[in-house]
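See structure below.
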Amino acid sequence: MPFEDESRKLSWLNWWSGERLESGYHEVEAPLDVMPIFVREGKGIPHTESVENSRELPDRLYIKKNAGREEDLDVRVPLYHDDGSSKDFARGNYFYGVFHVQANEKTPGLEVKHRGYEPFWEEVEVL
C-alpha cells in the first residue's frame with residue numbers, strides 16, 4: 001500500500017471550504033458550477049482578483065497556502081507572469097519569482113529571480 005507509513009502522508013486543503021483532508025480516498029461535493037481545487041501540503045497557489053483582460057493588472061496578489069500538519073513547514077510558491085499578448089518572454093521579458101512563506105506568518109519572505117520587469121502588485125496577502 002503506498003501510504004502505509006503515517007509520516008509520509010500529506011494533507012490537502014480544500015480551496016473553497018478550508019477543510020483539511022489527509023492523503024487517501026475521500027468523497028467531496030463537486031457541483032457543476034464549482035471546480036474542486038485542493039492545495040497540497042507544503043505548497044501554495046498565487047492568484048489575484050478577476051480582471052477583464054491581460055493588460056489589466058491588479059494591485060494585490062494573494063497566496064493560498066497549506067503548511068499542513070507541520071507547524072514549522074515553510075511553503076514555497078513559484079510564480080511566472082508575462083504580458084499575456086506578445087512573445088517578449090522569449091527575450092527574457094517576464095517575471096519569475098519564488099515566494100518563501102515562513103511557517104505561521106502572514107507576511108511572506110520573497111525570494112525573487114526575475115528578468116524584464118518588476119512585479120505588478122503592490123501588496124501580497126497570505127491566506
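In the C-alpha cells, chains take the letters A, B, ... in the order shown, each chain's residues start at 1, and ligands count up from 1 in the order shown.
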field: Residues within 7 Å of stretch 34-39 of chain A, only C-alpha atoms, excluding chain neighbours under 5 positions, as a ChimeraX atom specification
entry: /A:12-15,44,66
May I have the selected residues written with C-alpha atoms, as an mmCIF file, in the first residue's frame?
data_model
loop_
_atom_site.group_PDB
_atom_site.id
_atom_site.type_symbol
_atom_site.label_atom_id
_atom_site.label_comp_id
_atom_site.auth_asym_id
_atom_site.auth_seq_id
_atom_site.Cartn_x
_atom_site.Cartn_y
_atom_site.Cartn_z
ATOM 1 C CA TRP A 12 -4.685 18.576 1.164
ATOM 2 C CA LEU A 13 -6.536 21.845 1.758
ATOM 3 C CA ASN A 14 -9.926 22.299 0.102
ATOM 4 C CA TRP A 15 -9.651 25.721 -1.606
ATOM 5 C CA GLY A 44 0.573 27.273 -2.306
ATOM 6 C CA ASN A 66 -1.161 24.803 3.024
#
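The gap separating atom CA of A:Tyr62 from atom CA of A:Tyr80 is 14.1 Å, in Å to one decimal.
For the residues A:Leu127, A:Ala67, A:Leu57, A:Ile45, ranking by smallest atom-to-atom distance to A:Phe99 using only C-alpha atoms places A:Ile45 first.
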So that I can see what lies close to A:Lys43, please list as a compact mmCIF listing (two decimals) with N, CA and C atoms, in the first residue's frame the residues with an atom at most 7 Å from it, counting only C-alpha atoms and leaving out residues fewer than 6 positions away in the same chain.
# COMPACT_ATOMS: atom_id res chain seq x y z
N LYS A 65 -2.09 29.13 0.96
CA LYS A 65 -1.05 28.17 1.30
C LYS A 65 -1.59 27.04 2.16
N ASN A 66 -0.85 25.94 2.16
CA ASN A 66 -1.16 24.80 3.02
C ASN A 66 0.14 24.37 3.69
N VAL A 75 6.57 27.18 3.18
CA VAL A 75 5.90 26.95 1.92
C VAL A 75 6.60 27.77 0.84
N ARG A 76 6.88 27.14 -0.28
CA ARG A 76 7.48 27.84 -1.42
C ARG A 76 6.47 27.82 -2.56
N VAL A 77 6.23 29.02 -3.11
CA VAL A 77 5.23 29.16 -4.17
C VAL A 77 5.86 29.87 -5.36
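Of the residues under consideration (A:Tyr117, A:Val28, A:His81, A:Ser23), A:His81 shows the shortest atom-to-atom contact distance to A:His47 when counting only C-alpha atoms.
Atom to atom, atom CA of A:Ser54 and atom CA of A:Val124 stand 19.3 Å apart.
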